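Visitor: What follows is the file protein.cif, containing mmCIF, C-alpha atoms and all ligand atoms:
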```
data_data
loop_
_atom_site.label_atom_id
_atom_site.label_comp_id
_atom_site.auth_asym_id
_atom_site.auth_seq_id
_atom_site.Cartn_x
_atom_site.Cartn_y
_atom_site.Cartn_z
CA MET A 552 76.29 77.38 122.05
CA THR A 553 76.42 75.72 125.50
CA THR A 554 78.60 75.58 128.62
CA GLY A 555 77.70 72.76 130.99
CA THR A 556 73.95 72.96 130.99
CA VAL A 557 73.73 76.61 129.88
CA THR A 558 72.58 77.55 126.39
CA LEU A 559 72.61 80.97 124.74
CA GLY A 560 69.73 82.21 122.62
CA PRO A 561 68.02 85.43 121.60
CA LEU A 562 66.54 87.23 124.61
CA GLN A 563 62.73 87.33 124.32
CA HIS A 564 60.15 89.84 125.50
CA ALA A 565 58.77 87.00 127.66
CA ASP A 566 62.10 86.99 129.57
CA VAL A 567 61.77 90.62 130.61
CA PRO A 568 60.04 90.10 134.00
CA ARG A 569 62.89 87.73 134.98
CA CYS A 570 65.46 90.29 133.74
CA ARG A 571 63.89 92.85 136.04
CA GLU A 572 64.18 90.43 139.00
CA ILE A 573 67.84 89.84 138.17
CA GLU A 574 68.45 93.60 137.92
CA LEU A 575 66.96 94.06 141.38
CA GLU A 576 69.20 91.28 142.72
CA LEU A 577 72.41 92.58 141.13
CA PHE A 578 72.01 96.37 141.00
CA PRO A 579 69.84 97.32 143.99
CA GLY A 580 71.50 100.70 144.58
CA GLU A 581 72.24 101.49 140.95
CA ASP A 582 68.93 102.39 139.34
CA PRO A 583 68.14 98.86 138.08
CA TRP A 584 66.63 98.76 134.59
CA SER A 585 62.83 98.72 134.38
CA GLU A 586 60.89 96.21 132.31
CA ASN A 587 60.21 99.06 129.86
CA ALA A 588 63.93 99.65 129.45
CA PHE A 589 64.41 96.00 128.39
CA HIS A 590 61.40 96.08 126.07
CA SER A 591 62.74 99.20 124.34
CA GLU A 592 66.17 97.67 123.96
CA LEU A 593 64.59 94.66 122.24
CA ASN A 594 62.25 96.85 120.16
CA ASN A 595 65.23 98.91 119.03
CA GLY A 596 66.70 95.80 117.43
CA HIS A 597 69.82 95.65 119.59
CA TYR A 598 71.61 92.31 119.84
CA TYR A 599 70.41 90.69 123.08
CA LEU A 600 71.22 87.21 124.31
CA GLY A 601 69.79 85.20 127.16
CA ALA A 602 71.68 82.43 128.97
CA TYR A 603 69.34 79.60 129.86
CA ALA A 604 69.95 76.75 132.31
CA ASP A 605 67.24 74.34 131.23
CA GLU A 606 64.36 76.78 130.90
CA GLU A 607 65.59 79.23 133.53
CA LEU A 608 67.09 82.58 132.51
CA VAL A 609 70.38 82.90 134.42
CA GLY A 610 72.00 85.79 132.54
CA TYR A 611 71.70 88.23 129.68
CA ALA A 612 73.81 90.63 127.67
CA GLY A 613 73.18 93.28 125.05
CA LEU A 614 75.18 95.02 122.36
CA ALA A 615 74.16 98.08 120.36
CA ALA A 616 76.01 98.45 117.08
CA THR A 617 76.25 101.02 114.33
CA PRO A 618 78.38 100.67 111.18
CA TYR A 619 81.10 102.55 113.10
CA GLU A 620 81.16 101.21 116.66
CA ALA A 621 79.42 98.98 119.16
CA SER A 622 78.75 99.31 122.85
CA VAL A 623 78.01 96.75 125.53
CA HIS A 624 74.79 98.03 127.11
CA THR A 625 74.55 95.36 129.78
CA ILE A 626 75.88 92.00 130.87
CA ALA A 627 74.71 90.17 133.96
CA VAL A 628 74.69 86.70 135.46
CA VAL A 629 72.56 85.71 138.48
CA ARG A 630 74.66 85.38 141.58
CA HIS A 631 74.29 81.62 141.99
CA TRP A 632 75.62 81.10 138.44
CA GLN A 633 78.54 83.52 138.64
CA GLY A 634 82.10 82.24 138.33
CA ARG A 635 81.05 79.33 136.09
CA GLY A 636 81.86 80.73 132.67
CA VAL A 637 78.47 82.17 131.72
CA GLY A 638 79.63 85.81 131.62
CA LYS A 639 82.54 84.87 129.38
CA MET A 640 80.25 82.96 127.08
CA LEU A 641 77.88 85.93 126.75
CA LEU A 642 80.70 88.44 126.21
CA ARG A 643 82.39 86.30 123.55
CA LYS A 644 79.17 86.06 121.59
CA LEU A 645 78.72 89.86 121.71
CA LEU A 646 82.30 90.30 120.52
CA GLU A 647 81.73 87.82 117.69
CA ARG A 648 78.87 90.01 116.53
CA ALA A 649 81.02 93.17 116.69
CA ASP A 650 83.79 91.39 114.77
CA GLU A 651 81.34 90.32 112.06
CA ILE A 652 80.54 94.00 111.56
CA GLY A 653 84.23 94.90 112.03
CA VAL A 654 83.74 97.67 114.62
CA PRO A 655 85.44 98.64 117.90
CA VAL A 656 83.55 97.98 121.14
CA PHE A 657 83.16 100.38 124.07
CA LEU A 658 81.69 100.03 127.54
CA GLU A 659 81.53 101.56 131.00
CA VAL A 660 82.23 99.63 134.18
CA ARG A 661 82.31 100.62 137.84
CA THR A 662 85.89 101.21 138.91
CA ASP A 663 85.42 98.80 141.86
CA ASN A 664 83.94 95.96 139.75
CA GLU A 665 87.03 93.76 139.73
CA PRO A 666 85.47 90.59 138.26
CA ALA A 667 84.00 92.48 135.30
CA ILE A 668 87.19 94.50 134.69
CA ALA A 669 89.26 91.29 134.76
CA MET A 670 86.88 89.72 132.27
CA TYR A 671 87.11 92.71 129.90
CA LEU A 672 90.91 92.93 130.13
CA ALA A 673 91.12 89.22 129.30
CA HIS A 674 89.05 89.86 126.17
CA GLY A 675 91.15 92.61 124.59
CA PHE A 676 89.67 95.70 126.26
CA GLU A 677 91.86 98.45 127.62
CA HIS A 678 91.15 101.40 129.86
CA LEU A 679 90.34 104.57 127.94
CA GLY A 680 89.10 107.01 130.55
CA LEU A 681 87.39 107.71 133.85
CA ARG A 682 83.89 109.13 134.29
CA ARG A 683 83.38 110.57 137.75
CA ARG A 684 80.00 109.92 139.41
CA TYR A 685 78.78 108.11 136.28
CA TYR A 686 76.44 105.78 138.20
CA GLN A 687 73.45 107.21 140.05
CA PRO A 688 72.19 107.31 142.68
CA SER A 689 75.36 105.79 144.15
CA GLY A 690 77.71 108.35 142.58
CA ALA A 691 80.20 105.57 141.78
CA ASP A 692 82.87 106.25 139.17
CA ALA A 693 83.16 104.36 135.88
CA TYR A 694 86.04 103.44 133.65
CA THR A 695 85.40 103.64 129.96
CA MET A 696 87.03 100.70 128.21
CA GLY A 697 87.48 99.89 124.55
CA ARG A 698 88.52 97.05 122.28
CA SER A 699 89.82 97.66 118.75
CA ALA A 700 87.95 96.55 115.67
CA LYS A 701 88.84 93.12 114.41
CA SER A 702 87.75 91.66 111.12
CA VAL A 703 86.70 88.06 110.68
C1 LIG B 801 80.67 90.41 135.55
C2 LIG B 801 79.88 89.12 135.37
C3 LIG B 801 78.89 89.31 134.20
C4 LIG B 801 80.84 87.98 135.03
O1 LIG B 801 80.07 86.81 134.81
P1 LIG B 801 80.54 85.38 135.40
O2 LIG B 801 79.65 84.35 134.80
O3 LIG B 801 80.60 85.46 136.87
O4 LIG B 801 82.02 85.31 134.80
P2 LIG B 801 82.80 84.02 134.29
O5 LIG B 801 82.65 82.91 135.25
O6 LIG B 801 82.45 83.77 132.86
O7 LIG B 801 84.30 84.56 134.36
C5 LIG B 801 84.78 85.43 133.35
C6 LIG B 801 86.00 86.14 133.81
O8 LIG B 801 85.65 87.13 134.75
C7 LIG B 801 86.71 87.29 135.70
N1 LIG B 801 86.17 86.95 137.02
C8 LIG B 801 85.00 86.31 137.29
N2 LIG B 801 84.82 86.26 138.62
C9 LIG B 801 85.88 86.88 139.19
C10 LIG B 801 86.25 87.20 140.52
N3 LIG B 801 85.48 86.83 141.55
N4 LIG B 801 87.38 87.88 140.72
C11 LIG B 801 88.17 88.29 139.69
N5 LIG B 801 87.85 88.01 138.39
C12 LIG B 801 86.74 87.33 138.16
C13 LIG B 801 87.82 86.35 135.26
O9 LIG B 801 88.63 87.05 134.35
C14 LIG B 801 87.03 85.28 134.51
O10 LIG B 801 87.79 84.61 133.57
P3 LIG B 801 88.57 83.25 133.97
O11 LIG B 801 87.51 82.32 134.48
O12 LIG B 801 89.14 82.80 132.67
O13 LIG B 801 89.56 83.64 135.01
C15 LIG B 801 79.10 88.75 136.67
O14 LIG B 801 80.01 88.69 137.75
C16 LIG B 801 77.96 89.68 137.02
O15 LIG B 801 76.84 89.52 136.54
N6 LIG B 801 78.22 90.65 137.90
C17 LIG B 801 77.17 91.58 138.33
C18 LIG B 801 76.71 92.46 137.20
C19 LIG B 801 77.87 93.23 136.61
O16 LIG B 801 78.72 93.71 137.33
N7 LIG B 801 77.87 93.35 135.27
C20 LIG B 801 78.92 94.07 134.56
C21 LIG B 801 78.55 95.50 134.44
S1 LIG B 801 79.78 96.39 133.52
#
```
Once more with this new file: its structure as C-alpha cells, please.
Ligand SMILES: CC(C)(COP(=O)(O)OP(=O)(O)OC[C@H]1O[C@@H](n2cnc3c(N)ncnc32)[C@H](O)[C@@H]1OP(=O)(O)O)[C@@H](O)C(=O)NCCC(=O)NCCS

Guide:
Amino acid sequence: MTTGTVTLGPLQHADVPRCREIELELFPGEDPWSENAFHSELNNGHYYLGAYADEELVGYAGLAATPYEASVHTIAVVRHWQGRGVGKMLLRKLLERADEIGVPVFLEVRTDNEPAIAMYLAHGFEHLGLRRRYYQPSGADAYTMGRSAKSV
C-alpha cells in the first residue's frame, strides 16, 4: 500500500532505534516510549506497521487485538511528513485489521490534540469519556474514543 512515495510494511525490530528518535521528537514531555517498550510490543505479537519513504521510517502505528476488542496503542508520523496523508493511511490499515476480526476499537487521545481527534472522528470514532491527568508527567487529560465493530 503506498501514498506518494510512502509504503506501509510490518514494523521491524531494526526500526526500533528510529522509533525512539521519533518518540523523542514528538512526545518530549510525555514519557516517550523506550526502545524496550517497542521491542516488547513487537514480541507480544501486536499488529505494528511502519511507513517508509524510500528506506526511511517516517511513521508507525500499532494495534493490540483480542477476540473481543482492539486498541490503538500508538500512531505517529514525523513532523516533516505530517499533513500528507500518512497518518490516515496507517490508521486505515489498523482499522482494516480490526474489521477482519470484527471487533470494536478503542483509544486514548490528549484532549488538546486537534489533528488526531479530527482524524479519529473522520474514521468513525466517537467520544466515550474523559480521563483526567491520564498523561504523565504533563498531567494532560485524555478522551477515550471508540469505534463500533464492523464486519467485512
Ligand atoms: C496525528 C497524526 C498521526 C496524524 O498524521 P498525519 O500524517 O499528519 O495525518 P494525515 O495527513 O493523514 O491527515 C489525517 C487527518 O487528520 C486530520 N488532520 C491532520 N492534520 C490536521 C491539522 N493540522 N488540523 C486539523 N486536523 C488535521 C484531518 O482530519 C486529516 O484528514 P483530511 O486530510 O482528510 O482532512 C500526526 O499528526 C502525529 O504524528 N502527531 C503527533 C503524534 C500524535 O499526536 N499521535 C496521536 C496520539 S493519540

Visitor: Could you please give me, as a list in words, the residues of protein, DNA or RNA lying at most 12 Å from (82.2, 107.7, 136.6) in the coordinate frame of the file, considering all atoms listed in the file?

Guide: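 I get Leu658, Glu659, Val660, Arg661, Thr662, Asp663, Gly680, Leu681, Arg682, Arg683, Arg684, Tyr685, Tyr686, Gln687, Pro688, Ser689, Gly690, Ala691, Asp692, Ala693, Tyr694, Thr695 and Met696 of chain A for the residues within 12 Å of that point.
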
Visitor: Kindly export the residues of the current selection with C-alpha atoms, as a PDB file, in the frame of the given file.

Guide:
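Saved to result.pdb:
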```
ATOM      1  CA  LEU A 658      81.690 100.030 127.540  1.00  0.00           C
ATOM      2  CA  GLU A 659      81.530 101.560 131.000  1.00  0.00           C
ATOM      3  CA  VAL A 660      82.230  99.630 134.180  1.00  0.00           C
ATOM      4  CA  ARG A 661      82.310 100.620 137.840  1.00  0.00           C
ATOM      5  CA  THR A 662      85.890 101.210 138.910  1.00  0.00           C
ATOM      6  CA  ASP A 663      85.420  98.800 141.860  1.00  0.00           C
ATOM      7  CA  GLY A 680      89.100 107.010 130.550  1.00  0.00           C
ATOM      8  CA  LEU A 681      87.390 107.710 133.850  1.00  0.00           C
ATOM      9  CA  ARG A 682      83.890 109.130 134.290  1.00  0.00           C
ATOM     10  CA  ARG A 683      83.380 110.570 137.750  1.00  0.00           C
ATOM     11  CA  ARG A 684      80.000 109.920 139.410  1.00  0.00           C
ATOM     12  CA  TYR A 685      78.780 108.110 136.280  1.00  0.00           C
ATOM     13  CA  TYR A 686      76.440 105.780 138.200  1.00  0.00           C
ATOM     14  CA  GLN A 687      73.450 107.210 140.050  1.00  0.00           C
ATOM     15  CA  PRO A 688      72.190 107.310 142.680  1.00  0.00           C
ATOM     16  CA  SER A 689      75.360 105.790 144.150  1.00  0.00           C
ATOM     17  CA  GLY A 690      77.710 108.350 142.580  1.00  0.00           C
ATOM     18  CA  ALA A 691      80.200 105.570 141.780  1.00  0.00           C
ATOM     19  CA  ASP A 692      82.870 106.250 139.170  1.00  0.00           C
ATOM     20  CA  ALA A 693      83.160 104.360 135.880  1.00  0.00           C
ATOM     21  CA  TYR A 694      86.040 103.440 133.650  1.00  0.00           C
ATOM     22  CA  THR A 695      85.400 103.640 129.960  1.00  0.00           C
ATOM     23  CA  MET A 696      87.030 100.700 128.210  1.00  0.00           C
TER      24      MET A 696
END
```

Visitor: Ligand LIG 801 (chain B): which residues are within 8 Å, counting all atoms listed in the file, as an MDAnalysis selection string?

Guide: chainID A and resid 577:578 610 625:630 632:641 658:661 664:673

Visitor: May I ask which of the residues A:Val567, A:Ala700, A:Val656, A:Val609 is the closest one to Leu593 of chain A, counting all atoms listed in the file?

Guide: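 When distances to Leu593 of chain A are compared using all atoms listed in the file, the smallest one comes from A:Val567.
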
Visitor: Using only C-alpha atoms, which residue out of A:Ala588, A:Thr558, A:Glu606, A:Phe657 lies closest to Arg571 of chain A?

Guide: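 Between A:Ala588, A:Thr558, A:Glu606, A:Phe657, the residue approaching Arg571 of chain A most closely is A:Ala588.
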
Visitor: Taking all atoms listed in the file into account, which of A:Ser702, A:His624, A:Asp566, A:His631 comes nearest Glu647 of chain A?

Guide: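 Of all the options, A:Ser702 lies closest to Glu647 of chain A.
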
Visitor: Report as a list in words all protein, DNA and RNA residues lying within 9 Å of Tyr619 of chain A, evaluated on only C-alpha atoms, omitting residues in the same chain fewer than 4 positions from it.

Guide: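 In the requested form, the answer reads Ile652, Gly653, Val654 and Pro655 of chain A.
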
Visitor: Pick the closest to Glu607 of chain A from A:Ser585, A:Ser699, A:Glu592, A:Leu559: which is it, counting all atoms listed in the file?

Guide: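 The closest residue to Glu607 of chain A is A:Leu559.
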
Visitor: One decimal, in Å: what's the spacing between atom CA of Thr556 of chain A and atom CA of Arg569 of chain A?

Guide: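 It comes out at 18.9 Å.
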
Visitor: Check the smallest atom-to-atom distance from each of A:Gly560, A:Gly613, A:Pro579, A:Pro618 to Asn595 of chain A using all atoms listed in the file, then report the winner.

Guide: A:Gly613

Visitor: Distance atom CA of His590 of chain A-atom CA of Arg698 of chain A, one decimal place?

Guide: 27.4 Å

Visitor: Output as a compact mmCIF listing (two decimals), in the coordinates of the input: segment 680-702 of chain A, completed with N, CA, C and O atoms.

Guide:
```
# COMPACT_ATOMS: atom_id res chain seq x y z
N GLY A 680 89.36 105.78 129.80
CA GLY A 680 89.10 107.01 130.55
C GLY A 680 88.34 106.72 131.83
O GLY A 680 88.04 105.56 132.15
N LEU A 681 88.07 107.80 132.55
CA LEU A 681 87.39 107.71 133.85
C LEU A 681 86.23 108.70 133.83
O LEU A 681 86.41 109.86 133.47
N ARG A 682 85.04 108.23 134.20
CA ARG A 682 83.89 109.13 134.29
C ARG A 682 83.48 109.22 135.74
O ARG A 682 82.97 108.24 136.30
N ARG A 683 83.71 110.37 136.33
CA ARG A 683 83.38 110.57 137.75
C ARG A 683 81.87 110.59 137.94
O ARG A 683 81.16 111.20 137.15
N ARG A 684 81.41 109.91 139.00
CA ARG A 684 80.00 109.92 139.41
C ARG A 684 79.08 109.49 138.25
O ARG A 684 77.98 110.01 138.08
N TYR A 685 79.55 108.55 137.46
CA TYR A 685 78.78 108.11 136.28
C TYR A 685 77.51 107.38 136.71
O TYR A 685 76.46 107.52 136.07
N TYR A 686 77.60 106.57 137.77
CA TYR A 686 76.44 105.78 138.20
C TYR A 686 75.65 106.55 139.25
O TYR A 686 76.23 107.11 140.18
N GLN A 687 74.33 106.55 139.08
CA GLN A 687 73.45 107.21 140.05
C GLN A 687 72.39 106.20 140.48
O GLN A 687 71.99 105.35 139.70
N PRO A 688 71.92 106.25 141.71
CA PRO A 688 72.19 107.31 142.68
C PRO A 688 73.46 107.13 143.50
O PRO A 688 73.77 107.98 144.33
N SER A 689 74.22 106.05 143.25
CA SER A 689 75.36 105.79 144.15
C SER A 689 76.47 106.83 144.00
O SER A 689 77.22 107.08 144.92
N GLY A 690 76.61 107.42 142.82
CA GLY A 690 77.71 108.35 142.58
C GLY A 690 79.03 107.63 142.31
O GLY A 690 80.10 108.26 142.31
N ALA A 691 78.96 106.32 142.03
CA ALA A 691 80.20 105.57 141.78
C ALA A 691 80.82 105.98 140.44
O ALA A 691 80.11 106.37 139.50
N ASP A 692 82.14 105.91 140.39
CA ASP A 692 82.87 106.25 139.17
C ASP A 692 82.87 105.08 138.18
O ASP A 692 82.75 103.91 138.60
N ALA A 693 83.06 105.40 136.91
CA ALA A 693 83.16 104.36 135.88
C ALA A 693 84.45 104.53 135.09
O ALA A 693 84.89 105.66 134.85
N TYR A 694 85.03 103.42 134.70
CA TYR A 694 86.04 103.44 133.65
C TYR A 694 85.31 103.30 132.33
O TYR A 694 84.35 102.54 132.22
N THR A 695 85.80 104.00 131.30
CA THR A 695 85.40 103.64 129.96
C THR A 695 86.50 102.71 129.44
O THR A 695 87.69 102.92 129.73
N MET A 696 86.08 101.66 128.76
CA MET A 696 87.03 100.70 128.21
C MET A 696 86.71 100.49 126.73
O MET A 696 85.56 100.66 126.31
N GLY A 697 87.70 100.11 125.97
CA GLY A 697 87.48 99.89 124.55
C GLY A 697 88.32 98.74 124.01
O GLY A 697 89.35 98.39 124.59
N ARG A 698 87.82 98.16 122.96
CA ARG A 698 88.52 97.05 122.28
C ARG A 698 88.52 97.37 120.78
O ARG A 698 87.48 97.72 120.22
N SER A 699 89.69 97.28 120.16
CA SER A 699 89.82 97.66 118.75
C SER A 699 88.97 96.78 117.84
O SER A 699 88.67 95.63 118.18
N ALA A 700 88.67 97.33 116.67
CA ALA A 700 87.95 96.55 115.67
C ALA A 700 88.80 95.39 115.20
O ALA A 700 90.02 95.51 115.07
N LYS A 701 88.15 94.27 114.99
CA LYS A 701 88.84 93.12 114.41
C LYS A 701 87.96 92.62 113.28
O LYS A 701 86.74 92.66 113.38
N SER A 702 88.56 92.17 112.23
CA SER A 702 87.75 91.66 111.12
C SER A 702 87.81 90.14 111.12
O SER A 702 88.84 89.57 111.45
```
